[in-house]
Amino acid sequence: RPDVLDSALLRPGRFDRKITLDLPDKKARRAILDIHVRAVPLAEDVDLDRIAGLTPGFAGADLENLINEAALLCGRENRDEVNMESLLNARDKVVLGGKREMIINEEEKSWIAHHEAGHAVAASLLPNADPLDKVTIIPRGRALGVTMYLPEEDKYSVSKSSLESSISTLFGGRIAEEMTLGADHVTTGASNDIERATDIARNMVTKWGLSDKLGPLTYSEDDGEVFLGRSVTQHKQVSDVTVHTIDEEVRQIIDRNYERAEQLLKEHEEKLHVMAKALMKYETIDMAQVKDIMDGREPRPPEGWDDSDDAPPAKKQDDKSDSVT
Ligand code: NHX
Ligand code: ZN
């Protein structure tokens with residue numbers, strides 16, 4: 001972090017070596033996992049390569065935390081080995097926060113299921129969208145439902161097309177609410193989606209040079225310290241006219257991607273309902289089930305599903321281990 005050190009400390013002969021440390025790639029994550037499982041007994045079914053593949057964006061400390069959470073989960077169940085299921089649950093906990101025991105009635109469940117289905121259907125149909133991992137209506141962290149993605153490994157660049165698809169996908173939830181509850185009954189629930197979509201659009205215009213009108217210039221005022229020769233800094237000026245144009249460009253990106261998602265979801269409304277129904281039945285569906293639905297097939301039941309039962313697997317309902325009270 002040379003950026004936070006006084007320049008006197010960075011002179012030759014002092015802290016004059018800089019080492020760039022990126023987040024670990026899959027191979028490095030596997031090696032880090034190997035270190036943290038040294039003191040942990042592992043069950044037969046554990047596949048650390050798979051865990052490494054499912055944890056893009058994790059730093060070493062997150063991986064350490066994941067192993068620790070998995071060990072805690074197993075400890076609570078009086079197991080003496082860490083198994084694959086606990087590692088997968090620990091990964092969700094590190095990414096999303098703990099599960100929450102909430103009493104949710106059928107009507108609310110249907111709202112949550114349609115909102116998440118809106119994200120999932122949009123993500124399945126949009127060009128260059130991040131691939132889906134799974135979709136769940138089990139509350140986690142601050143969210144009542146979550147759509148998770150698995151960004152491709154070894155992808156060091158993000159294209160304009162994929163950013164715009166992310167924005168459209170983020171609006172899929174709100175649009176699904178509008179389509180199923182009616183314009184007057186949409187909820188405040190999409191606040192985080194809207195914030196994230198707005199952030200992407202604003203960064204496209206002000207940081208990443210991805211607006212045709214404003215071109216490849218930096219307009220962000222927040223990190224507006226400019227280096228002028230010998231560490232003299234000055235705040236950058238953005239003219240009032242430009243501020244106005246930035247707002248217009250951000251709005252245009254938002255509007256066209258909202259409309260694109262709305263058009264797609266209306267075209268594929270049936271998929272939206274089938275997906276929501278599957279979520280109400282199974283609570284969590286994965287990539288394979290999403291694909292079944294999008295291809296017009298009956299979604300296969302999840303692993304360990306007992307079809308004589310019409311409720312999610314008992315172990316999922318009984319898992320109160322992460323309740324937040
Ligand atoms: C409420 N919570 O505030 C209720 C209790 C719309 C089905 N009345 O977009 O859970 O509505 O795709 C980070 C993460 C606020 C910050 C989640 C801030 C959730 C989550 C509000 C699904 N999934 N919204 C979503 C949701 C809500 C909220 C957050 C956050 C819902 C939505 C929360
Ligand atoms: Zn959402």
# chains A, B, ... in the order shown; residues from 1 in each chain; ligands from 1

$ select_by_dssp --residues "stretch 45-175 of chain A" --states "strand (DSSP E)" --output "JSON, numbers by chain"
{"A": [132, 133, 134, 135, 136, 146, 147, 148, 149]}

$ write_last_selection --atoms "N, CA, C and O atoms" --output "tab-separated table (two decimals), in the first residue's frame"
chain	number	residue	atom	x	y	z
A	132	LEU	N	-24.64	-18.27	-14.34
A	132	LEU	CA	-25.30	-18.45	-13.06
A	132	LEU	C	-24.64	-19.58	-12.28
A	132	LEU	O	-24.15	-20.55	-12.86
A	133	ASP	N	-24.64	-19.45	-10.97
A	133	ASP	CA	-24.22	-20.54	-10.11
A	133	ASP	C	-25.48	-21.19	-9.53
A	133	ASP	O	-25.80	-22.33	-9.84
A	134	LYS	N	-26.20	-20.44	-8.71
A	134	LYS	CA	-27.47	-20.96	-8.20
A	134	LYS	C	-28.37	-19.83	-7.73
A	134	LYS	O	-27.92	-18.69	-7.56
A	135	VAL	N	-29.61	-20.17	-7.53
A	135	VAL	CA	-30.62	-19.19	-7.14
A	135	VAL	C	-31.32	-19.76	-5.92
A	135	VAL	O	-31.66	-20.94	-5.89
A	136	THR	N	-31.53	-18.93	-4.90
A	136	THR	CA	-32.16	-19.45	-3.69
A	136	THR	C	-33.15	-18.45	-3.09
A	136	THR	O	-32.98	-17.25	-3.22
A	146	VAL	N	-31.40	-14.78	-3.07
A	146	VAL	CA	-30.13	-14.45	-3.71
A	146	VAL	C	-29.99	-15.17	-5.05
A	146	VAL	O	-30.34	-16.33	-5.18
A	147	THR	N	-29.46	-14.47	-6.04
A	147	THR	CA	-29.03	-15.08	-7.28
A	147	THR	C	-27.51	-14.99	-7.32
A	147	THR	O	-26.96	-13.90	-7.24
A	148	MET	N	-26.85	-16.13	-7.38
A	148	MET	CA	-25.38	-16.14	-7.36
A	148	MET	C	-24.81	-16.44	-8.74
A	148	MET	O	-25.35	-17.23	-9.48
A	149	TYR	N	-23.70	-15.82	-9.03
A	149	TYR	CA	-23.02	-16.01	-10.31
A	149	TYR	C	-21.66	-16.62	-10.08
A	149	TYR	O	-21.09	-16.51	-8.98

$ residues_near_ligand --ligand "ligand 1" --cutoff "6 Å" --atoms "only C-alpha atoms and all ligand atoms" --output "ChimeraX atom specification"
/A:112,115-116,142-147,188-193

$ closest_residue --among "A:Ile167, A:Ala52, A:Leu66, A:Leu10" --to "ligand 2" --atoms "only C-alpha atoms and all ligand atoms"
A:Ile167

$ atom_distance --atom1 "atom CA of A:Leu150" --atom2 "atom CA of A:Glu195"
20.7 Å

$ closest_residue --among "A:Gln263, A:Thr218, A:Thr169, A:Ser308" --to "ligand 2" --atoms "only C-alpha atoms and all ligand atoms"
A:Thr169

$ closest_residue --among "A:Gly296, A:Gly118, A:Gly141, A:Pro131" --to "ligand 2" --atoms "only C-alpha atoms and all ligand atoms"
A:Gly118

$ residues_around --residues "A:Gly60" --least-positions-apart "3" --cutoff "7 Å" --atoms "only C-alpha atoms" --output "list of chain:residue names"
A:Ile32, A:Leu63, A:Glu64

$ residues_around --residues "stretch 237-251 of chain A" --least-positions-apart "2" --cutoff "8 Å" --atoms "only C-alpha atoms" --output "PyMOL selection string"
chain A and resi 198+201-202+205-206+211+213-214+219+221+235+253-255

$ closest_residue --among "A:Ala276, A:Ala8, A:Ile67, A:Leu170" --to "A:Ala122" --atoms "only C-alpha atoms"
A:Leu170

$ closest_residue --among "A:His114, A:Lys18, A:Lys27, A:Arg297" --to "ligand 2" --atoms "only C-alpha atoms and all ligand atoms"
A:His114

$ atom_distance --atom1 "atom CA of A:Glu283" --atom2 "atom CA of A:Ile137"
5.4 Å

$ residues_around --residues "A:Glu164" --least-positions-apart "2" --cutoff "12 Å" --atoms "only C-alpha atoms" --output "PyMOL selection string"
chain A and resi 122-123+126-130+158-162+166-171+196-204+210-211+250+252-261

$ atom_distance --atom1 "atom CA of A:Glu85" --atom2 "atom CA of A:Asp45"
8.9 Å

$ residues_around --residues "A:Lys277" --least-positions-apart "2" --cutoff "12 Å" --atoms "only C-alpha atoms" --output "PyMOL selection string"
chain A and resi 106+109-117+137+270-275+279-285+290+293+298-299

$ closest_residue --among "A:Arg38, A:Lys207, A:Arg174, A:Lys266" --to "ligand 2" --atoms "only C-alpha atoms and all ligand atoms"
A:Arg174

$ select_by_dssp --residues "stretch 16-171 of chain A" --states "alpha helix (DSSP H)" --output "PyMOL selection string"
chain A and resi 26-36+48-53+60-76+84-96+106-125+160-171

$ write_last_selection --atoms "C-alpha atoms" --output "PDB file, in the first residue's frame"
ATOM      1  CA  LYS A  26      -7.671 -21.176  -8.934  1.00  0.00           C
ATOM      2  CA  LYS A  27      -4.340 -22.957  -8.636  1.00  0.00           C
ATOM      3  CA  ALA A  28      -3.152 -20.588  -5.909  1.00  0.00           C
ATOM      4  CA  ARG A  29      -6.444 -20.933  -4.054  1.00  0.00           C
ATOM      5  CA  ARG A  30      -6.015 -24.697  -4.100  1.00  0.00           C
ATOM      6  CA  ALA A  31      -2.518 -24.301  -2.629  1.00  0.00           C
ATOM      7  CA  ILE A  32      -3.813 -21.925   0.063  1.00  0.00           C
ATOM      8  CA  LEU A  33      -6.641 -24.324   0.922  1.00  0.00           C
ATOM      9  CA  ASP A  34      -4.066 -27.105   1.281  1.00  0.00           C
ATOM     10  CA  ILE A  35      -2.258 -25.021   3.887  1.00  0.00           C
ATOM     11  CA  HIS A  36      -5.372 -24.279   5.925  1.00  0.00           C
ATOM     12  CA  LEU A  48     -10.642 -29.121  -2.764  1.00  0.00           C
ATOM     13  CA  ASP A  49     -10.188 -28.502  -6.493  1.00  0.00           C
ATOM     14  CA  ARG A  50     -13.918 -27.964  -6.751  1.00  0.00           C
ATOM     15  CA  ILE A  51     -13.873 -25.550  -3.776  1.00  0.00           C
ATOM     16  CA  ALA A  52     -10.984 -23.660  -5.376  1.00  0.00           C
ATOM     17  CA  GLY A  53     -13.068 -23.401  -8.561  1.00  0.00           C
ATOM     18  CA  GLY A  60      -6.231 -16.027   1.305  1.00  0.00           C
ATOM     19  CA  ALA A  61      -7.931 -14.790   4.472  1.00  0.00           C
ATOM     20  CA  ASP A  62     -11.373 -15.601   3.013  1.00  0.00           C
ATOM     21  CA  LEU A  63     -10.215 -19.148   2.283  1.00  0.00           C
ATOM     22  CA  GLU A  64      -8.888 -19.514   5.824  1.00  0.00           C
ATOM     23  CA  ASN A  65     -12.232 -18.248   7.062  1.00  0.00           C
ATOM     24  CA  LEU A  66     -14.065 -20.747   4.825  1.00  0.00           C
ATOM     25  CA  ILE A  67     -12.156 -23.691   6.311  1.00  0.00           C
ATOM     26  CA  ASN A  68     -12.771 -22.361   9.799  1.00  0.00           C
ATOM     27  CA  GLU A  69     -16.517 -21.987   9.182  1.00  0.00           C
ATOM     28  CA  ALA A  70     -16.695 -25.502   7.732  1.00  0.00           C
ATOM     29  CA  ALA A  71     -14.946 -26.875  10.819  1.00  0.00           C
ATOM     30  CA  LEU A  72     -17.394 -24.996  13.060  1.00  0.00           C
ATOM     31  CA  LEU A  73     -20.385 -26.361  11.135  1.00  0.00           C
ATOM     32  CA  CYS A  74     -19.063 -29.904  11.522  1.00  0.00           C
ATOM     33  CA  GLY A  75     -18.247 -29.335  15.169  1.00  0.00           C
ATOM     34  CA  ARG A  76     -21.841 -28.339  15.836  1.00  0.00           C
ATOM     35  CA  MET A  84     -17.885 -31.495   1.310  1.00  0.00           C
ATOM     36  CA  GLU A  85     -21.351 -30.297   2.294  1.00  0.00           C
ATOM     37  CA  SER A  86     -19.934 -28.235   5.143  1.00  0.00           C
ATOM     38  CA  LEU A  87     -17.329 -26.679   2.846  1.00  0.00           C
ATOM     39  CA  LEU A  88     -20.027 -25.714   0.330  1.00  0.00           C
ATOM     40  CA  ASN A  89     -22.185 -24.220   3.082  1.00  0.00           C
ATOM     41  CA  ALA A  90     -19.182 -22.374   4.490  1.00  0.00           C
ATOM     42  CA  ARG A  91     -18.509 -20.867   1.080  1.00  0.00           C
ATOM     43  CA  ASP A  92     -22.079 -19.519   0.915  1.00  0.00           C
ATOM     44  CA  LYS A  93     -21.725 -18.173   4.428  1.00  0.00           C
ATOM     45  CA  VAL A  94     -18.501 -16.314   3.635  1.00  0.00           C
ATOM     46  CA  VAL A  95     -19.995 -14.838   0.431  1.00  0.00           C
ATOM     47  CA  LEU A  96     -23.512 -14.033   1.590  1.00  0.00           C
ATOM     48  CA  GLU A 106     -46.695 -18.289   0.835  1.00  0.00           C
ATOM     49  CA  GLU A 107     -47.469 -14.877  -0.619  1.00  0.00           C
ATOM     50  CA  GLU A 108     -44.067 -13.477   0.378  1.00  0.00           C
ATOM     51  CA  LYS A 109     -42.388 -16.634  -0.862  1.00  0.00           C
ATOM     52  CA  SER A 110     -44.001 -16.130  -4.248  1.00  0.00           C
ATOM     53  CA  TRP A 111     -42.791 -12.505  -4.332  1.00  0.00           C
ATOM     54  CA  ILE A 112     -39.216 -13.524  -3.464  1.00  0.00           C
ATOM     55  CA  ALA A 113     -39.295 -16.431  -5.949  1.00  0.00           C
ATOM     56  CA  HIS A 114     -40.485 -14.218  -8.815  1.00  0.00           C
ATOM     57  CA  HIS A 115     -37.914 -11.526  -7.997  1.00  0.00           C
ATOM     58  CA  GLU A 116     -35.051 -14.052  -8.060  1.00  0.00           C
ATOM     59  CA  ALA A 117     -36.484 -15.796 -11.121  1.00  0.00           C
ATOM     60  CA  GLY A 118     -36.407 -12.404 -12.857  1.00  0.00           C
ATOM     61  CA  HIS A 119     -32.654 -12.176 -12.282  1.00  0.00           C
ATOM     62  CA  ALA A 120     -32.098 -15.791 -13.348  1.00  0.00           C
ATOM     63  CA  VAL A 121     -34.143 -15.654 -16.551  1.00  0.00           C
ATOM     64  CA  ALA A 122     -32.498 -12.359 -17.549  1.00  0.00           C
ATOM     65  CA  ALA A 123     -29.004 -13.709 -16.811  1.00  0.00           C
ATOM     66  CA  SER A 124     -29.739 -16.798 -18.922  1.00  0.00           C
ATOM     67  CA  LEU A 125     -30.824 -14.817 -21.970  1.00  0.00           C
ATOM     68  CA  LYS A 160     -18.914  -3.051 -22.057  1.00  0.00           C
ATOM     69  CA  SER A 161     -21.363  -5.689 -23.278  1.00  0.00           C
ATOM     70  CA  SER A 162     -21.019  -7.751 -20.116  1.00  0.00           C
ATOM     71  CA  LEU A 163     -21.361  -4.650 -17.884  1.00  0.00           C
ATOM     72  CA  GLU A 164     -24.571  -3.719 -19.657  1.00  0.00           C
ATOM     73  CA  SER A 165     -25.851  -7.268 -19.262  1.00  0.00           C
ATOM     74  CA  SER A 166     -25.098  -7.053 -15.527  1.00  0.00           C
ATOM     75  CA  ILE A 167     -27.220  -3.912 -15.331  1.00  0.00           C
ATOM     76  CA  SER A 168     -30.087  -5.570 -17.224  1.00  0.00           C
ATOM     77  CA  THR A 169     -29.805  -8.648 -15.002  1.00  0.00           C
ATOM     78  CA  LEU A 170     -29.908  -6.529 -11.846  1.00  0.00           C
ATOM     79  CA  PHE A 171     -33.185  -4.985 -13.009  1.00  0.00           C
TER      80      PHE A 171
END
